[in-house]
Amino acid sequence: MMRTWSGSRWALWAVAALAIAVSASVAITAEESGSKESKSKVATADTKPVAKKRVDFTTGSSDVLISFINEQIRQGWTDNEIEASEVAGDGEWVRRVYLDIVGHVPPMEEVEKFLADKDKAKRSKLIDTLLDDPGYVRHWTNVWANLMIGQDTPRRVSRKGMEKFLREAFTKNRPWNDVVMDIVSAEGHFEENGAVNFLLAQMVMPDDGVLATAKTTRLFLGMQVQCTQCHNHPFNDWQQRQFWEFNNFFRQLQREDHRKYDAKAGRMVDDYSELIRRDGVSDHVTYEKRNGLIEAAYPRYFGKDLIDEVAQKDKDGWDVNRREVLAKLMIDGEKPLAALAMVNRMWSQFFGYGITKPVDDMGPHNPPSHPDLLDRLGNEFVKSRYDVKQLIRWICNSEAYNLTSQASKVNEEKDNPAAGTTAMFSHVYLKSMSAEQLYDSLIVATNAHKSGRSSWEQAEDKKRVWLRQFVVAFGTDEGDESTTFNGSIPQALMMMNGDLVKDAISAQKGSFLNTILAEAPKDTDRIRRLYLTALGRAPSPKEAKGAQDLLRVNPDKLAAYQDMFWALLNSNEFIFIH
Amino acid sequence: MSFIPAGMTRRHFMRHMAASAATIPAIQFMQHLQVHAETLKKNQKACILMWMGGGPPTIDIWDLKPGSKNGGEFKPITAGGTQISEHMPKTAAQFDVLNVVRSMSTREADHGRGRYYMHTSFVPNPTVVHPTFGSVVSHELGSQRKELEIPSFVSIGGDPGSPGFLGMSNAAFVVNTQGRIQNADMGGMDAGRFRNRLAMLGTIEDSFIASKRGEAPQAHKDVYKKAIDLMTSKQMEAFKIDKEDPKTIDRYTNAGAPAGGMMRAGGEFGRGLLMARRLVEAGVPFVEVGMGGWDLHANVFNTLKNNNLPAMDTAISALVTDLKERSMIKDVVLVWMGEFGRTPRINQDVGRDHWAASWSNMIGGGNLKGGLGVGATDADGLTCETKPYLPGDIWATACHALGIPTTTVHTSKRGRPMKIANGGAPIPELIG
């Protein structure tokens, strides 16, 4: 209620005082001119995504914060003399928002439904629908499991446990501060309390919690301090001492790797692992300065001394969990670092670039491109009780997220973060699908989940095995890794010749292509369906003609459709989120 | 296994594709119609990077400190005009063409940052992605080798990094030491049908490229072209080390039975170097071979003497021997490095931690001088006593040996000039 009231107030004020045409206040104008435009372009609306006039645009959401986001982003355009691209056509946008929120391309019927929908608020409504889709949970569980434990699960870490924890968090839309608290302070069995797996994954070798310190800071506070274990940070105010003060909180960490006797194999095998708290750990850690002197570091969080806090006992008479002390501080206040880090991270998930670059290296040495935006979003995120879905709503309803990915003459030079400029969000940047997004997209595209050929659960297991082919481990004890699913040759070979695409274009009985052929008797309709399925748009006249030519010279129609679908799935337009 | 459709030679296949291509203009992927797969130029310049993932303890390998509290368990032995670890005897015997640079001082002691710095010569910077040196060589030399149908930068179990502003067509082709290239087999598909697919693909790709969405759509098309070249190339044989005499494989991989009867890892690195030799013979100008297991925070001496060093010693000496026998050593530069070295001080777990202030690289071949120890650290290995060298100096030395002018300047996507090897200079002692 409160928000609605202040929303309209804000909008009136914004229009009156600043004469900026933003979101809610101009919804009526948008409806009027929008209808005119769609009439005049109706013949091509389906084939070429028609850009809408930006000034009239709204997704239909009336949230006041969206006006603020738009204003901040527009200010950046003005300051840098950049003109933004037009609003994306519905076809372009619907494909993007599906891939970004639920991790797969939209089913063909949904594309058609969305294109035909005359509701002015259809974009904001679709965002809400997708946030309630099971795909939302699946996609974000994937994203965060990869961020937390890597693609290649380290030995004696339970991916199942980690995913179970995340699934529950995203299903219930648990406040992000609770998630951070649970992860950072986690203790227990790696399947019963899946939250422990983040830290277990950083404990592959005995290192006094150094890696756990660095990874926690990086992922949840958006700060890179790993190099300060040996020396002061070369260009921000992190001191070596600070690293070890942080590390102090992680010194009670201990993993217990249990083994059991396997009667069948006749030997001991891995059983469960757990994270336990050591009692009686010294209140200080020692470290060696570069000049060889040994110093002591006491628990301290950005200048706040915590010696007394960590000296307490918990209700069971054990030393208090120091990581719990730390986690409370990480999520304390009006816009704590954990909130800013999450806002920045989520922004970059949708736009491809964060408000800082890199997204996890925030600090005075690396100023944000839109400081007020980051600040306000962080603050509002806290006020919303760390509501992750709300954060996504703000991002996806913003004007910037609704622009086309086609650059204009003016902004392709000045706003090209791939070439190293600061991201100004004047057009949407291409992102490559992740391997998971590709896999899930092919399931949806070919209706594998509906035809009973593969349930989502079966698919998850098969997907894990399939994903392994791309992982490249680096041979360090930190478990760093990279992927060959990075637009290089192995990815191209997999797309051209691998089983995944082979299955998707299968001509077997009951396959997707067979169904299309049976359901749609006319070639034009069949071609159109293939294009809608793969690219979220109808073929251009030139493409339609090319497809017809292919069918004409090919005696085996099914084979020709296979080739057509193969080409669509192998195209740049398919693999990029745009 | 053939990469060409069943019942066709490569030449026939390509001609067939060319003829059909005329009917559908969208097919533009073939520029390699004149294939000379068999004409391999013997004297082509190349570089093999031996990448020691995790950060090798060079104080125990190349720059021993007998008599110091930091010296550890190993003794030095003579290698050319210098000394290296007693656990590298076969490599020591090849030190007529190899050198150690002992005064590396590289400031980055984090795995990610060190990996980036050593591979690119530049420290990480959020506004630009610098190309890894393999991509630089691919860009400079690979582009001139029209007869080369396989990628001009191959990484075998390494951590190659990004081609940065030099673009995806100079990216590393990452393979494992088994030499099985996944999904490279078209499964006997009819050439005409493959042509149809590519023609359709070309139409879709071109219209997306024309839609002003940055450079990625074109890069996608360029990478596909490379992938298709590779699928149909006889040069793919270079990846198959099992074509070698088993005795040869054994020379690279068999480090003898270790003390204590433990299984010894490390044959992987030998297989990688053997594949590198085959790739260089096929004309590939840059091959990176990774060897992991160097992040030795604990138990450093046992791991080195029982595992890492015998395996590495065997592999490197076999490679140098082969390159000499084939008269290739004067054209092939060998570079050995990792993210950083390891602390001179031995920690409580009998390990060494990350250390970038004073450590060693190894470099040789390619008509560089041999047998030298360049630069020096102090008696405890804590500081460089002579001019400190940066990764750019190592790569500039490699440039010199490869015939790439060190005055070369690349341009980043924003038009910023970027000196090759970050403006480093060839190390004078090595180039004579």
# chains A, B, ... in the order shown; residues from 1 in each chain; ligands from 1

call {"tool": "interface_residues", "arguments": {"of": "chain B", "to": "chain A", "cutoff": "7 Å", "atoms": "only C-alpha atoms", "output": "ChimeraX atom specification"}}
result
/B:53-54,109-110,126-128,159,168,171,173,183-186,197-198,200-201,204-205,208,211-213,217,220,223-224,227,292-293,295,413-414

call {"tool": "residues_around", "arguments": {"residues": "Asn344 of chain A", "least_positions_apart": "2", "cutoff": "9 Å", "atoms": "only C-alpha atoms", "output": "PDB file with C-alpha atoms, in the first residue's frame"}}
result
ATOM      1  CA  GLY A 222      32.088  -8.261  -3.601  1.00  0.00           C
ATOM      2  CA  ALA A 339      23.381  -6.199  -0.051  1.00  0.00           C
ATOM      3  CA  LEU A 340      25.451  -4.083  -2.449  1.00  0.00           C
ATOM      4  CA  ALA A 341      27.360  -7.145  -3.609  1.00  0.00           C
ATOM      5  CA  MET A 342      24.122  -8.998  -4.339  1.00  0.00           C
ATOM      6  CA  MET A 346      22.246  -9.713  -9.997  1.00  0.00           C
ATOM      7  CA  TRP A 347      22.513  -6.646 -12.203  1.00  0.00           C
ATOM      8  CA  SER A 348      25.417  -8.245 -14.018  1.00  0.00           C
ATOM      9  CA  GLN A 349      23.511 -11.517 -14.413  1.00  0.00           C
ATOM     10  CA  TYR A 353      28.089  -6.289 -16.838  1.00  0.00           C
ATOM     11  CA  GLY A 354      27.786  -5.089 -13.276  1.00  0.00           C
ATOM     12  CA  ILE A 355      27.733  -1.574 -11.939  1.00  0.00           C
ATOM     13  CA  THR A 356      31.382  -2.248 -11.224  1.00  0.00           C
ATOM     14  CA  VAL A 359      31.475  -7.425 -10.466  1.00  0.00           C
ATOM     15  CA  ASP A 360      33.262  -8.883  -7.445  1.00  0.00           C
ATOM     16  CA  LEU A 374      23.996   1.039  -6.651  1.00  0.00           C
ATOM     17  CA  GLY A 378      21.206  -1.699  -2.134  1.00  0.00           C
TER      18      GLY A 378
END

call {"tool": "atom_distance", "arguments": {"atom1": "atom CA of Gly267 of chain B", "atom2": "atom CA of Asn170 of chain B"}}
result
28.7 Å

call {"tool": "atom_distance", "arguments": {"atom1": "atom CA of Lys264 of chain A", "atom2": "atom CA of Glu192 of chain A"}}
result
25.8 Å

call {"tool": "select_by_dssp", "arguments": {"residues": "segment 148-342 of chain B", "states": "helix (DSSP H, G or I)", "output": "ChimeraX atom specification"}}
result
/B:164-166,168-170,191-209,216-231,234-239,241-243,246-253,259-261,267-281,300-325
